[in-house]
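Asker: Coordinates in my_file_10.pdb, PDB, C-alpha atoms, are listed below.
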```pdb
ATOM      1  CA  MET A   5     -83.969 -51.027  11.595
ATOM      2  CA  ALA A   6     -86.633 -48.723  12.933
ATOM      3  CA  LEU A   7     -88.646 -46.703  10.430
ATOM      4  CA  ALA A   8     -87.339 -43.376  11.659
ATOM      5  CA  GLN A   9     -83.703 -44.202  10.887
ATOM      6  CA  LYS A  10     -84.280 -45.297   7.278
ATOM      7  CA  LYS A  11     -83.300 -42.984   4.467
ATOM      8  CA  LEU A  12     -85.911 -41.823   1.980
ATOM      9  CA  MET A  13     -84.747 -44.171  -0.776
ATOM     10  CA  ASP A  14     -85.095 -47.227   1.484
ATOM     11  CA  VAL A  15     -88.667 -46.509   2.555
ATOM     12  CA  LYS A  16     -91.316 -48.526   0.802
ATOM     13  CA  LEU A  17     -94.141 -46.668  -0.870
ATOM     14  CA  GLY A  18     -96.822 -47.793   1.566
ATOM     15  CA  GLN A  19     -94.722 -46.700   4.543
ATOM     16  CA  LEU A  20     -94.233 -43.190   3.207
ATOM     17  CA  PRO A  21     -96.899 -41.383   5.275
ATOM     18  CA  SER A  22     -95.778 -42.972   8.535
ATOM     19  CA  TRP A  23     -92.172 -42.200   7.657
ATOM     20  CA  LEU A  24     -93.106 -38.585   7.058
ATOM     21  CA  GLY A  25     -94.723 -38.639  10.466
ATOM     22  CA  THR A  26     -91.455 -39.458  12.135
ATOM     23  CA  ARG A  27     -89.582 -36.562  10.500
ATOM     24  CA  ASP A  28     -88.874 -33.436  12.507
ATOM     25  CA  PHE A  29     -90.737 -30.445  11.049
ATOM     26  CA  THR A  30     -90.002 -27.920  13.761
ATOM     27  CA  PRO A  31     -87.997 -24.876  12.575
ATOM     28  CA  ASN A  32     -84.914 -26.260  14.301
ATOM     29  CA  GLY A  33     -85.469 -29.591  12.627
ATOM     30  CA  LEU A  34     -85.889 -28.004   9.211
ATOM     31  CA  LEU A  35     -82.765 -25.951   9.729
ATOM     32  CA  GLY A  36     -80.910 -29.087  10.798
ATOM     33  CA  SER A  37     -82.009 -30.962   7.719
ATOM     34  CA  VAL A  38     -80.997 -28.065   5.459
ATOM     35  CA  ARG A  39     -77.616 -27.914   7.119
ATOM     36  CA  GLY A  40     -77.216 -31.679   6.850
ATOM     37  CA  GLY A  41     -78.040 -31.593   3.166
ATOM     38  CA  TYR A  42     -75.596 -28.762   2.574
ATOM     39  CA  GLU A  43     -72.815 -30.603   4.396
ATOM     40  CA  ARG A  44     -73.491 -33.819   2.499
ATOM     41  CA  TYR A  45     -73.322 -32.017  -0.835
ATOM     42  CA  TYR A  46     -70.264 -30.015   0.218
ATOM     43  CA  ASN A  47     -68.328 -32.995   1.502
ATOM     44  CA  LYS A  48     -69.134 -35.094  -1.527
ATOM     45  CA  TYR A  49     -68.435 -32.693  -4.373
ATOM     46  CA  ILE A  50     -66.410 -29.725  -3.152
ATOM     47  CA  ASN A  51     -64.346 -30.617  -0.105
ATOM     48  CA  VAL A  52     -62.022 -32.968  -2.019
ATOM     49  CA  LYS A  53     -58.462 -32.811  -3.226
ATOM     50  CA  LYS A  54     -59.183 -32.907  -6.945
ATOM     51  CA  GLY A  55     -62.671 -31.510  -7.377
ATOM     52  CA  GLY A  56     -64.069 -31.016 -10.822
ATOM     53  CA  ILE A  57     -66.524 -28.624 -12.342
ATOM     54  CA  GLY A  58     -69.403 -30.916 -11.331
ATOM     55  CA  GLY A  59     -69.784 -29.581  -7.825
ATOM     56  CA  VAL A  60     -70.176 -25.953  -8.788
ATOM     57  CA  ALA A  61     -71.934 -26.628 -12.089
ATOM     58  CA  MET A  62     -74.646 -28.719 -10.467
ATOM     59  CA  PHE A  63     -75.257 -26.002  -7.927
ATOM     60  CA  LEU A  64     -75.541 -23.375 -10.651
ATOM     61  CA  ALA A  65     -77.818 -25.573 -12.733
ATOM     62  CA  GLY A  66     -80.061 -26.002  -9.714
ATOM     63  CA  TYR A  67     -80.076 -22.272  -9.172
ATOM     64  CA  ILE A  68     -80.954 -21.658 -12.823
ATOM     65  CA  ALA A  69     -83.787 -24.151 -12.650
ATOM     66  CA  LEU A  70     -85.137 -22.686  -9.418
ATOM     67  CA  SER A  71     -85.017 -19.118 -10.682
ATOM     68  CA  TYR A  72     -86.798 -20.183 -13.904
ATOM     69  CA  LEU A  73     -89.466 -21.784 -11.740
ATOM     70  CA  TRP A  74     -89.945 -18.646  -9.695
ATOM     71  CA  GLU A  75     -90.158 -16.484 -12.807
ATOM     72  CA  TYR A  76     -92.520 -18.796 -14.691
ATOM     73  CA  ASP A  77     -95.610 -16.662 -14.112
ATOM     74  CA  HIS A  78     -93.829 -13.810 -15.850
ATOM     75  CA  ILE A  79     -92.305 -15.953 -18.627
ATOM     76  CA  LYS A  80     -95.740 -17.479 -19.328
ATOM     77  CA  HIS A  81     -96.609 -14.381 -21.337
ATOM     78  CA  ASP A  82     -93.842 -15.050 -23.878
ATOM     79  CA  ARG A  83     -95.449 -18.273 -25.032
ATOM     80  CA  TRP A  84     -95.723 -18.752 -28.780
ATOM     81  CA  ARG A  85     -99.058 -20.561 -28.860
ATOM     82  CA  LYS A  86    -102.091 -20.208 -26.730
ATOM     83  CA  TYR A  87    -103.238 -23.852 -26.789
ATOM     84  CA  HIS A  88    -100.867 -26.790 -26.347
TER      85      HIS A  88
ATOM     86  CA  MET B  24     -69.350 -19.091   0.876
ATOM     87  CA  LEU B  25     -70.453 -21.042  -2.132
ATOM     88  CA  SER B  26     -73.828 -19.326  -1.981
ATOM     89  CA  ARG B  27     -72.049 -15.985  -1.806
ATOM     90  CA  LEU B  28     -70.076 -16.862  -4.904
ATOM     91  CA  VAL B  29     -73.196 -18.043  -6.678
ATOM     92  CA  LEU B  30     -75.136 -14.912  -5.737
ATOM     93  CA  VAL B  31     -72.369 -12.740  -7.087
ATOM     94  CA  SER B  32     -71.908 -14.746 -10.242
ATOM     95  CA  GLY B  33     -75.583 -15.521 -10.761
ATOM     96  CA  HIS B  34     -76.178 -11.820 -11.164
ATOM     97  CA  THR B  35     -73.542 -11.738 -13.873
ATOM     98  CA  LEU B  36     -74.717 -15.037 -15.338
ATOM     99  CA  LYS B  37     -76.215 -13.396 -18.351
ATOM    100  CA  ASN B  38     -73.320 -11.048 -18.938
ATOM    101  CA  SER B  39     -70.026 -12.755 -18.221
ATOM    102  CA  GLY B  40     -68.853 -15.741 -20.118
ATOM    103  CA  SER B  41     -65.644 -16.904 -18.568
ATOM    104  CA  PHE B  42     -66.388 -17.681 -14.972
ATOM    105  CA  GLY B  43     -66.312 -21.384 -15.685
ATOM    106  CA  ALA B  44     -62.564 -21.405 -15.689
ATOM    107  CA  CYS B  45     -62.138 -19.526 -12.421
ATOM    108  CA  LEU B  46     -64.863 -21.593 -10.786
ATOM    109  CA  VAL B  47     -62.895 -24.720 -11.561
ATOM    110  CA  GLN B  48     -60.001 -23.212  -9.685
ATOM    111  CA  ALA B  49     -62.276 -21.997  -6.919
ATOM    112  CA  SER B  50     -63.661 -25.436  -6.385
ATOM    113  CA  ARG B  51     -60.172 -26.709  -5.737
ATOM    114  CA  SER B  52     -58.933 -24.059  -3.354
ATOM    115  CA  PHE B  53     -62.005 -23.598  -1.166
ATOM    116  CA  HIS B  54     -61.267 -23.425   2.511
ATOM    117  CA  GLN B  55     -62.063 -26.636   4.317
ATOM    118  CA  SER B  56     -64.415 -26.287   7.251
ATOM    119  CA  SER B  57     -62.626 -27.633  10.300
ATOM    120  CA  GLN B  58     -64.401 -30.076  12.557
ATOM    121  CA  SER B  59     -63.111 -30.506  16.058
ATOM    122  CA  LEU B  60     -61.442 -33.873  15.414
ATOM    123  CA  ALA B  61     -57.753 -34.373  15.794
ATOM    124  CA  PRO B  62     -56.042 -35.858  13.855
ATOM    125  CA  VAL B  63     -58.085 -34.570  10.947
ATOM    126  CA  PRO B  64     -58.921 -37.361   8.477
ATOM    127  CA  PRO B  65     -57.421 -36.822   5.001
ATOM    128  CA  LEU B  66     -59.627 -35.429   2.249
ATOM    129  CA  PRO B  67     -61.038 -37.824  -0.340
ATOM    130  CA  GLU B  68     -59.072 -37.792  -3.571
ATOM    131  CA  LYS B  69     -61.905 -37.258  -6.024
ATOM    132  CA  GLY B  70     -65.425 -35.972  -5.614
ATOM    133  CA  GLY B  71     -68.599 -37.746  -6.643
ATOM    134  CA  LYS B  72     -68.686 -38.489 -10.334
ATOM    135  CA  VAL B  73     -70.835 -36.321 -12.601
ATOM    136  CA  ARG B  74     -71.505 -36.832 -16.263
ATOM    137  CA  HIS B  75     -71.515 -33.947 -18.722
ATOM    138  CA  GLY B  76     -70.795 -31.632 -15.827
ATOM    139  CA  ILE B  77     -74.256 -31.476 -14.325
ATOM    140  CA  PHE B  78     -75.757 -34.987 -14.051
ATOM    141  CA  PRO B  79     -74.582 -37.055 -11.088
ATOM    142  CA  GLU B  80     -73.592 -40.596 -11.889
ATOM    143  CA  GLU B  81     -76.143 -41.944  -9.419
ATOM    144  CA  LEU B  82     -78.930 -41.176 -11.876
ATOM    145  CA  PHE B  83     -77.319 -43.390 -14.500
ATOM    146  CA  THR B  84     -76.692 -46.242 -12.086
ATOM    147  CA  LEU B  85     -80.263 -45.939 -10.855
ATOM    148  CA  LEU B  86     -81.738 -46.371 -14.329
ATOM    149  CA  TYR B  87     -79.242 -48.891 -15.673
ATOM    150  CA  PRO B  88     -80.951 -52.118 -14.455
ATOM    151  CA  LYS B  89     -84.279 -51.241 -16.056
ATOM    152  CA  THR B  90     -83.340 -49.276 -19.147
ATOM    153  CA  GLY B  91     -79.687 -49.976 -19.864
ATOM    154  CA  VAL B  92     -77.155 -47.442 -20.998
ATOM    155  CA  THR B  93     -79.381 -45.187 -23.129
ATOM    156  CA  GLY B  94     -82.122 -44.936 -20.513
ATOM    157  CA  PRO B  95     -81.208 -41.611 -18.945
ATOM    158  CA  TYR B  96     -80.557 -40.070 -22.367
ATOM    159  CA  MET B  97     -83.992 -41.106 -23.591
ATOM    160  CA  LEU B  98     -85.459 -39.753 -20.384
ATOM    161  CA  GLY B  99     -83.687 -36.478 -20.951
ATOM    162  CA  THR B 100     -84.763 -36.220 -24.571
ATOM    163  CA  GLY B 101     -88.338 -37.049 -23.696
ATOM    164  CA  LEU B 102     -88.457 -34.526 -20.902
ATOM    165  CA  LEU B 103     -86.945 -31.856 -23.119
ATOM    166  CA  LEU B 104     -89.447 -32.447 -25.934
ATOM    167  CA  TYR B 105     -92.316 -32.519 -23.469
ATOM    168  CA  MET B 106     -91.279 -29.228 -21.917
ATOM    169  CA  LEU B 107     -90.803 -27.622 -25.347
ATOM    170  CA  SER B 108     -94.055 -28.866 -26.797
ATOM    171  CA  LYS B 109     -96.171 -27.916 -23.817
ATOM    172  CA  GLU B 110     -94.182 -24.691 -23.527
ATOM    173  CA  ILE B 111     -93.295 -25.355 -19.957
ATOM    174  CA  TYR B 112     -89.914 -24.125 -21.148
ATOM    175  CA  VAL B 113     -90.626 -21.044 -23.254
ATOM    176  CA  ILE B 114     -88.242 -20.039 -26.034
ATOM    177  CA  ASN B 115     -87.668 -16.315 -25.838
ATOM    178  CA  HIS B 116     -84.773 -13.878 -25.955
ATOM    179  CA  GLU B 117     -83.382 -15.386 -22.765
ATOM    180  CA  THR B 118     -82.972 -18.725 -24.474
ATOM    181  CA  PHE B 119     -80.687 -17.200 -27.052
ATOM    182  CA  ALA B 120     -78.658 -15.428 -24.366
ATOM    183  CA  ALA B 121     -78.387 -18.613 -22.295
ATOM    184  CA  ALA B 122     -77.334 -20.592 -25.347
ATOM    185  CA  SER B 123     -74.541 -18.178 -26.286
ATOM    186  CA  ILE B 124     -73.344 -17.912 -22.699
ATOM    187  CA  GLY B 125     -73.471 -21.674 -22.352
ATOM    188  CA  ALA B 126     -71.459 -22.118 -25.522
ATOM    189  CA  VAL B 127     -68.762 -19.720 -24.351
ATOM    190  CA  VAL B 128     -68.672 -21.301 -20.882
ATOM    191  CA  ILE B 129     -68.385 -24.812 -22.235
ATOM    192  CA  TYR B 130     -65.699 -23.764 -24.711
ATOM    193  CA  GLY B 131     -63.771 -22.011 -21.907
ATOM    194  CA  VAL B 132     -64.025 -24.948 -19.532
ATOM    195  CA  LYS B 133     -63.025 -27.474 -22.157
ATOM    196  CA  LYS B 134     -60.082 -25.441 -23.328
ATOM    197  CA  PHE B 135     -58.723 -23.973 -20.118
ATOM    198  CA  GLY B 136     -59.993 -26.457 -17.556
ATOM    199  CA  PRO B 137     -56.980 -28.785 -17.350
ATOM    200  CA  SER B 138     -54.395 -25.987 -17.210
ATOM    201  CA  VAL B 139     -56.299 -24.158 -14.486
ATOM    202  CA  ALA B 140     -56.682 -27.443 -12.664
ATOM    203  CA  THR B 141     -52.938 -28.135 -12.725
ATOM    204  CA  PHE B 142     -52.269 -24.576 -11.615
ATOM    205  CA  ALA B 143     -54.599 -24.868  -8.640
ATOM    206  CA  ASP B 144     -53.157 -28.281  -7.834
ATOM    207  CA  LYS B 145     -49.678 -26.810  -7.862
ATOM    208  CA  ILE B 146     -50.747 -24.069  -5.464
ATOM    209  CA  ASN B 147     -52.223 -26.649  -3.137
ATOM    210  CA  GLU B 148     -49.165 -28.843  -3.401
ATOM    211  CA  ASP B 149     -46.900 -25.916  -2.588
ATOM    212  CA  LYS B 150     -48.909 -25.186   0.540
ATOM    213  CA  VAL B 151     -48.812 -28.812   1.580
ATOM    214  CA  ALA B 152     -45.101 -29.039   0.825
ATOM    215  CA  LYS B 153     -44.393 -25.989   2.949
ATOM    216  CA  ALA B 154     -46.383 -27.336   5.853
ATOM    217  CA  GLN B 155     -44.704 -30.702   5.429
ATOM    218  CA  GLU B 156     -41.309 -29.037   5.397
ATOM    219  CA  VAL B 157     -42.063 -27.190   8.611
ATOM    220  CA  LYS B 158     -43.242 -30.429  10.167
ATOM    221  CA  ASP B 159     -40.139 -32.283   8.944
ATOM    222  CA  GLN B 160     -37.844 -29.607  10.291
ATOM    223  CA  ALA B 161     -39.584 -29.646  13.630
ATOM    224  CA  MET B 162     -39.353 -33.428  13.786
ATOM    225  CA  ALA B 163     -35.685 -33.380  12.794
ATOM    226  CA  SER B 164     -34.821 -30.809  15.427
ATOM    227  CA  LEU B 165     -36.755 -32.722  18.060
ATOM    228  CA  ALA B 166     -35.053 -35.964  17.077
ATOM    229  CA  GLN B 167     -31.722 -34.179  17.306
ATOM    230  CA  GLY B 168     -32.724 -32.951  20.735
ATOM    231  CA  ILE B 169     -33.503 -36.506  21.775
ATOM    232  CA  GLU B 170     -30.094 -37.648  20.511
ATOM    233  CA  ASP B 171     -28.334 -34.898  22.414
ATOM    234  CA  GLU B 172     -30.253 -35.711  25.567
ATOM    235  CA  LYS B 173     -29.323 -39.383  25.301
ATOM    236  CA  LYS B 174     -25.700 -38.414  24.819
ATOM    237  CA  GLU B 175     -25.828 -36.240  27.903
ATOM    238  CA  GLN B 176     -27.327 -39.076  29.873
ATOM    239  CA  TRP B 177     -24.554 -41.377  28.711
ATOM    240  CA  ARG B 178     -22.036 -38.780  29.714
ATOM    241  CA  VAL B 179     -23.562 -38.493  33.146
ATOM    242  CA  GLU B 180     -23.052 -42.215  33.626
ATOM    243  CA  GLY B 181     -19.312 -41.644  33.461
ATOM    244  CA  ARG B 182     -19.292 -39.254  36.347
ATOM    245  CA  HIS B 183     -18.150 -41.888  38.821
ATOM    246  CA  MET B 184     -14.935 -42.126  36.798
ATOM    247  CA  LEU B 185     -14.572 -38.382  37.110
ATOM    248  CA  PHE B 186     -15.060 -38.540  40.846
ATOM    249  CA  ASP B 187     -12.565 -41.392  41.157
ATOM    250  CA  ALA B 188      -9.974 -39.343  39.322
ATOM    251  CA  LYS B 189     -10.665 -36.386  41.545
ATOM    252  CA  ARG B 190     -10.475 -38.532  44.642
ATOM    253  CA  ASN B 191      -7.150 -39.889  43.450
ATOM    254  CA  ASN B 192      -5.892 -36.382  42.917
ATOM    255  CA  VAL B 193      -6.878 -35.304  46.401
ATOM    256  CA  ALA B 194      -5.367 -38.425  47.958
ATOM    257  CA  MET B 195      -2.125 -37.802  46.127
ATOM    258  CA  LEU B 196      -2.030 -34.215  47.311
ATOM    259  CA  LEU B 197      -2.613 -35.304  50.886
ATOM    260  CA  GLU B 198       0.042 -37.982  50.597
ATOM    261  CA  THR B 199       2.564 -35.542  49.149
ATOM    262  CA  ASN B 200       1.847 -33.045  51.860
ATOM    263  CA  TYR B 201       2.207 -35.646  54.578
ATOM    264  CA  ARG B 202       5.499 -36.866  53.211
ATOM    265  CA  GLU B 203       6.815 -33.334  52.931
ATOM    266  CA  ARG B 204       6.002 -32.646  56.503
ATOM    267  CA  LEU B 205       7.496 -35.927  57.590
ATOM    268  CA  HIS B 206      10.704 -34.979  55.824
ATOM    269  CA  MET B 207      10.704 -31.603  57.486
ATOM    270  CA  VAL B 208      10.172 -33.074  60.926
ATOM    271  CA  THR B 209      12.939 -35.599  60.407
ATOM    272  CA  ASN B 210      15.308 -32.915  59.226
ATOM    273  CA  GLU B 211      14.587 -30.627  62.143
ATOM    274  CA  VAL B 212      14.936 -33.365  64.717
ATOM    275  CA  LYS B 213      18.180 -34.506  63.105
ATOM    276  CA  LYS B 214      19.499 -30.952  63.221
ATOM    277  CA  ARG B 215      18.705 -30.620  66.884
ATOM    278  CA  LEU B 216      20.329 -33.934  67.715
ATOM    279  CA  ASP B 217      23.394 -33.114  65.618
ATOM    280  CA  TYR B 218      23.732 -29.865  67.541
ATOM    281  CA  GLN B 219      23.670 -31.667  70.847
ATOM    282  CA  VAL B 220      26.217 -34.186  69.586
ATOM    283  CA  GLU B 221      28.498 -31.419  68.380
ATOM    284  CA  LEU B 222      28.047 -29.613  71.644
ATOM    285  CA  GLN B 223      29.165 -32.674  73.627
ATOM    286  CA  ASN B 224      32.063 -33.229  71.280
ATOM    287  CA  LEU B 225      33.054 -29.644  71.765
ATOM    288  CA  HIS B 226      32.851 -29.933  75.529
ATOM    289  CA  ARG B 227      35.049 -33.016  75.581
ATOM    290  CA  ARG B 228      37.571 -31.562  73.227
ATOM    291  CA  MET B 229      37.787 -28.383  75.182
ATOM    292  CA  GLU B 230      38.169 -30.251  78.430
ATOM    293  CA  GLN B 231      40.819 -32.433  76.810
ATOM    294  CA  GLU B 232      42.737 -29.514  75.464
ATOM    295  CA  HIS B 233      42.422 -27.584  78.663
ATOM    296  CA  MET B 234      43.638 -30.540  80.656
ATOM    297  CA  VAL B 235      46.527 -31.104  78.268
ATOM    298  CA  ASN B 236      47.418 -27.455  78.474
ATOM    299  CA  TRP B 237      47.183 -27.477  82.224
ATOM    300  CA  VAL B 238      49.327 -30.588  82.487
ATOM    301  CA  GLU B 239      51.865 -29.039  80.123
ATOM    302  CA  GLN B 240      51.894 -25.854  82.092
ATOM    303  CA  SER B 241      52.306 -27.608  85.399
ATOM    304  CA  VAL B 242      55.064 -29.845  83.991
ATOM    305  CA  ILE B 243      56.928 -26.867  82.547
ATOM    306  CA  LYS B 244      56.488 -25.051  85.804
ATOM    307  CA  SER B 245      57.730 -28.021  87.796
ATOM    308  CA  ILE B 246      60.858 -28.666  85.717
ATOM    309  CA  THR B 247      62.126 -25.150  85.807
ATOM    310  CA  PRO B 248      63.709 -24.916  89.303
ATOM    311  CA  GLN B 249      65.136 -28.562  89.528
ATOM    312  CA  GLN B 250      65.975 -30.000  86.151
ATOM    313  CA  VAL B 251      67.500 -26.830  84.787
ATOM    314  CA  GLN B 252      70.630 -27.464  87.144
ATOM    315  CA  ARG B 253      70.848 -31.043  86.086
ATOM    316  CA  ILE B 254      71.197 -30.044  82.459
TER     317      ILE B 254
END
```
Could you quickly redo this structure as structure tokens?
Answerer:
Amino acid sequence: MALAQKKLMDVKLGQLPSWLGTRDFTPNGLLGSVRGGYERYYNKYINVKKGGIGGVAMFLAGYIALSYLWEYDHIKHDRWRKYH
Amino acid sequence: MLSRLVLVSGHTLKNSGSFGACLVQASRSFHQSSQSLAPVPPLPEKGGKVRHGIFPEELFTLLYPKTGVTGPYMLGTGLLLYMLSKEIYVINHETFAAASIGAVVIYGVKKFGPSVATFADKINEDKVAKAQEVKDQAMASLAQGIEDEKKEQWRVEGRHMLFDAKRNNVAMLLETNYRERLHMVTNEVKKRLDYQVELQNLHRRMEQEHMVNWVEQSVIKSITPQQVQRI
């Protein structure tokens, strides 16, 4: 199987830079990869007959984590100790 | 649409406490995006497995060969302690709010989850049953139509019998008519011939009578002058 078709988990560590070279980083390519990721997540966890809370809860947890990350510079000032 | 829902509810994340229950229902009755395949493949029965609501099962299967069953939990504990001790995760007023909201959400989901799930399932099943009923009715009516059509075709096959009967009828009518006219002709001709026969009979009788009368007259006339003296 050619290097370009392998998924990220199947790529060996030494091949990582060349694998990254084969990826499509144009805006269209990025949009396509975002859409592909969305569809994979949607079809695996939400678009089923008996979905559970996992699909939505994971999405919300990711959102919480991301928003904490974006606010970290502001939250930094609430730290209890100066040196860790 | 999920992002819309999350944007709306993420704003109220710190304030509301009971969206867990309605999200469970929402995750079951989302509209399916339609690809352009026909027939559409059926939906999978269950989604990907998640443990404790937010950790996908793939993480546990990934770590199982190297660290066994407790591996991911130790990883989680270690990460948590690291983030707390280095204050990557800072404990402030938001922590308290998140904890209380999380408690309420988890209590709501655990208590009302199954009932909401059965409710949403029933809604879905009703929709499917209605569609199925429409499909069944359509199929039944079409099958009935096929049956009727076959019956009509079978009936059409008998049309030669119909035409034979009609032909027989017409032949009988013609025959009757012919025989009637034959009778009429015979009767007429017989009447004419009878008339002629009667006429000839009449002639002969009249001639006979006339001759008899004439002979009588001439005999009476001839006896009168001679035989009267003899008697």
Asker: Check which residues satisfy the ChimeraX specification (/B :<8) & /A in the file shown, then give them as a PyMOL selection string.
Answerer: chain A and resi 48-62+64-65+79-80+82-84+88
Asker: Using all atoms listed in the file, which residues sit within 9 Å of range 16-26 of chain A once same-chain residues fewer than 6 positions away are excluded, as a PyMOL selection string?
Answerer: chain A and resi 7-8+10
Asker: What does the structure give for the distance between CA of Gly36 in chain A and CA of Gln9 in chain A, in Å to one decimal?
Answerer: 15.4 Å
Asker: Can you work out the spacing between CA of Ala69 in chain A and CA of Pro88 in chain B in Å, to one decimal?
Answerer: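 Between CA of Ala69 in chain A and CA of Pro88 in chain B the gap is 28.2 Å.
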Asker: Kindly give the distance, in Å, that separates CA of Val220 in chain B and CA of Val235 in chain B, rounded to a single decimal.
Answerer: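 Taking CA of Val220 in chain B as the start and CA of Val235 in chain B as the end point, the length is 22.3 Å.
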Asker: Smallest atom-to-atom distance to Ala121 in chain B: which of A:Val15, A:Lys86, A:Tyr72, A:His78, using only C-alpha atoms?
Answerer: A:Tyr72
Asker: Just add N, CA and C atoms to range 77-88 of chain A and send it as a PDB file, in the coordinates of the input.
Answerer:
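Contents of the output file out10.pdb:
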```
ATOM      1  N   ASP A  77     -94.381 -17.433 -13.887  1.00  0.00           N
ATOM      2  CA  ASP A  77     -95.610 -16.662 -14.112  1.00  0.00           C
ATOM      3  C   ASP A  77     -95.356 -15.487 -15.022  1.00  0.00           C
ATOM      4  N   HIS A  78     -94.150 -14.941 -14.985  1.00  0.00           N
ATOM      5  CA  HIS A  78     -93.829 -13.810 -15.850  1.00  0.00           C
ATOM      6  C   HIS A  78     -93.465 -14.282 -17.252  1.00  0.00           C
ATOM      7  N   ILE A  79     -92.755 -15.430 -17.322  1.00  0.00           N
ATOM      8  CA  ILE A  79     -92.305 -15.953 -18.627  1.00  0.00           C
ATOM      9  C   ILE A  79     -93.474 -16.504 -19.425  1.00  0.00           C
ATOM     10  N   LYS A  80     -94.554 -16.916 -18.658  1.00  0.00           N
ATOM     11  CA  LYS A  80     -95.740 -17.479 -19.328  1.00  0.00           C
ATOM     12  C   LYS A  80     -96.226 -16.596 -20.461  1.00  0.00           C
ATOM     13  N   HIS A  81     -96.032 -15.296 -20.347  1.00  0.00           N
ATOM     14  CA  HIS A  81     -96.609 -14.381 -21.337  1.00  0.00           C
ATOM     15  C   HIS A  81     -95.845 -14.393 -22.633  1.00  0.00           C
ATOM     16  N   ASP A  82     -94.613 -15.005 -22.642  1.00  0.00           N
ATOM     17  CA  ASP A  82     -93.842 -15.050 -23.878  1.00  0.00           C
ATOM     18  C   ASP A  82     -94.152 -16.272 -24.710  1.00  0.00           C
ATOM     19  N   ARG A  83     -95.211 -17.030 -24.310  1.00  0.00           N
ATOM     20  CA  ARG A  83     -95.449 -18.273 -25.032  1.00  0.00           C
ATOM     21  C   ARG A  83     -95.851 -17.988 -26.469  1.00  0.00           C
ATOM     22  N   TRP A  84     -95.468 -18.943 -27.352  1.00  0.00           N
ATOM     23  CA  TRP A  84     -95.723 -18.752 -28.780  1.00  0.00           C
ATOM     24  C   TRP A  84     -97.138 -19.115 -29.161  1.00  0.00           C
ATOM     25  N   ARG A  85     -97.721 -20.125 -28.510  1.00  0.00           N
ATOM     26  CA  ARG A  85     -99.058 -20.561 -28.860  1.00  0.00           C
ATOM     27  C   ARG A  85     -99.942 -20.496 -27.626  1.00  0.00           C
ATOM     28  N   LYS A  86    -101.188 -20.307 -27.852  1.00  0.00           N
ATOM     29  CA  LYS A  86    -102.091 -20.208 -26.730  1.00  0.00           C
ATOM     30  C   LYS A  86    -102.524 -21.584 -26.237  1.00  0.00           C
ATOM     31  N   TYR A  87    -102.755 -22.518 -27.181  1.00  0.00           N
ATOM     32  CA  TYR A  87    -103.238 -23.852 -26.789  1.00  0.00           C
ATOM     33  C   TYR A  87    -102.166 -24.878 -27.113  1.00  0.00           C
ATOM     34  N   HIS A  88    -101.921 -25.760 -26.162  1.00  0.00           N
ATOM     35  CA  HIS A  88    -100.867 -26.790 -26.347  1.00  0.00           C
ATOM     36  C   HIS A  88    -101.497 -28.148 -26.417  1.00  0.00           C
TER      37      HIS A  88
END
```
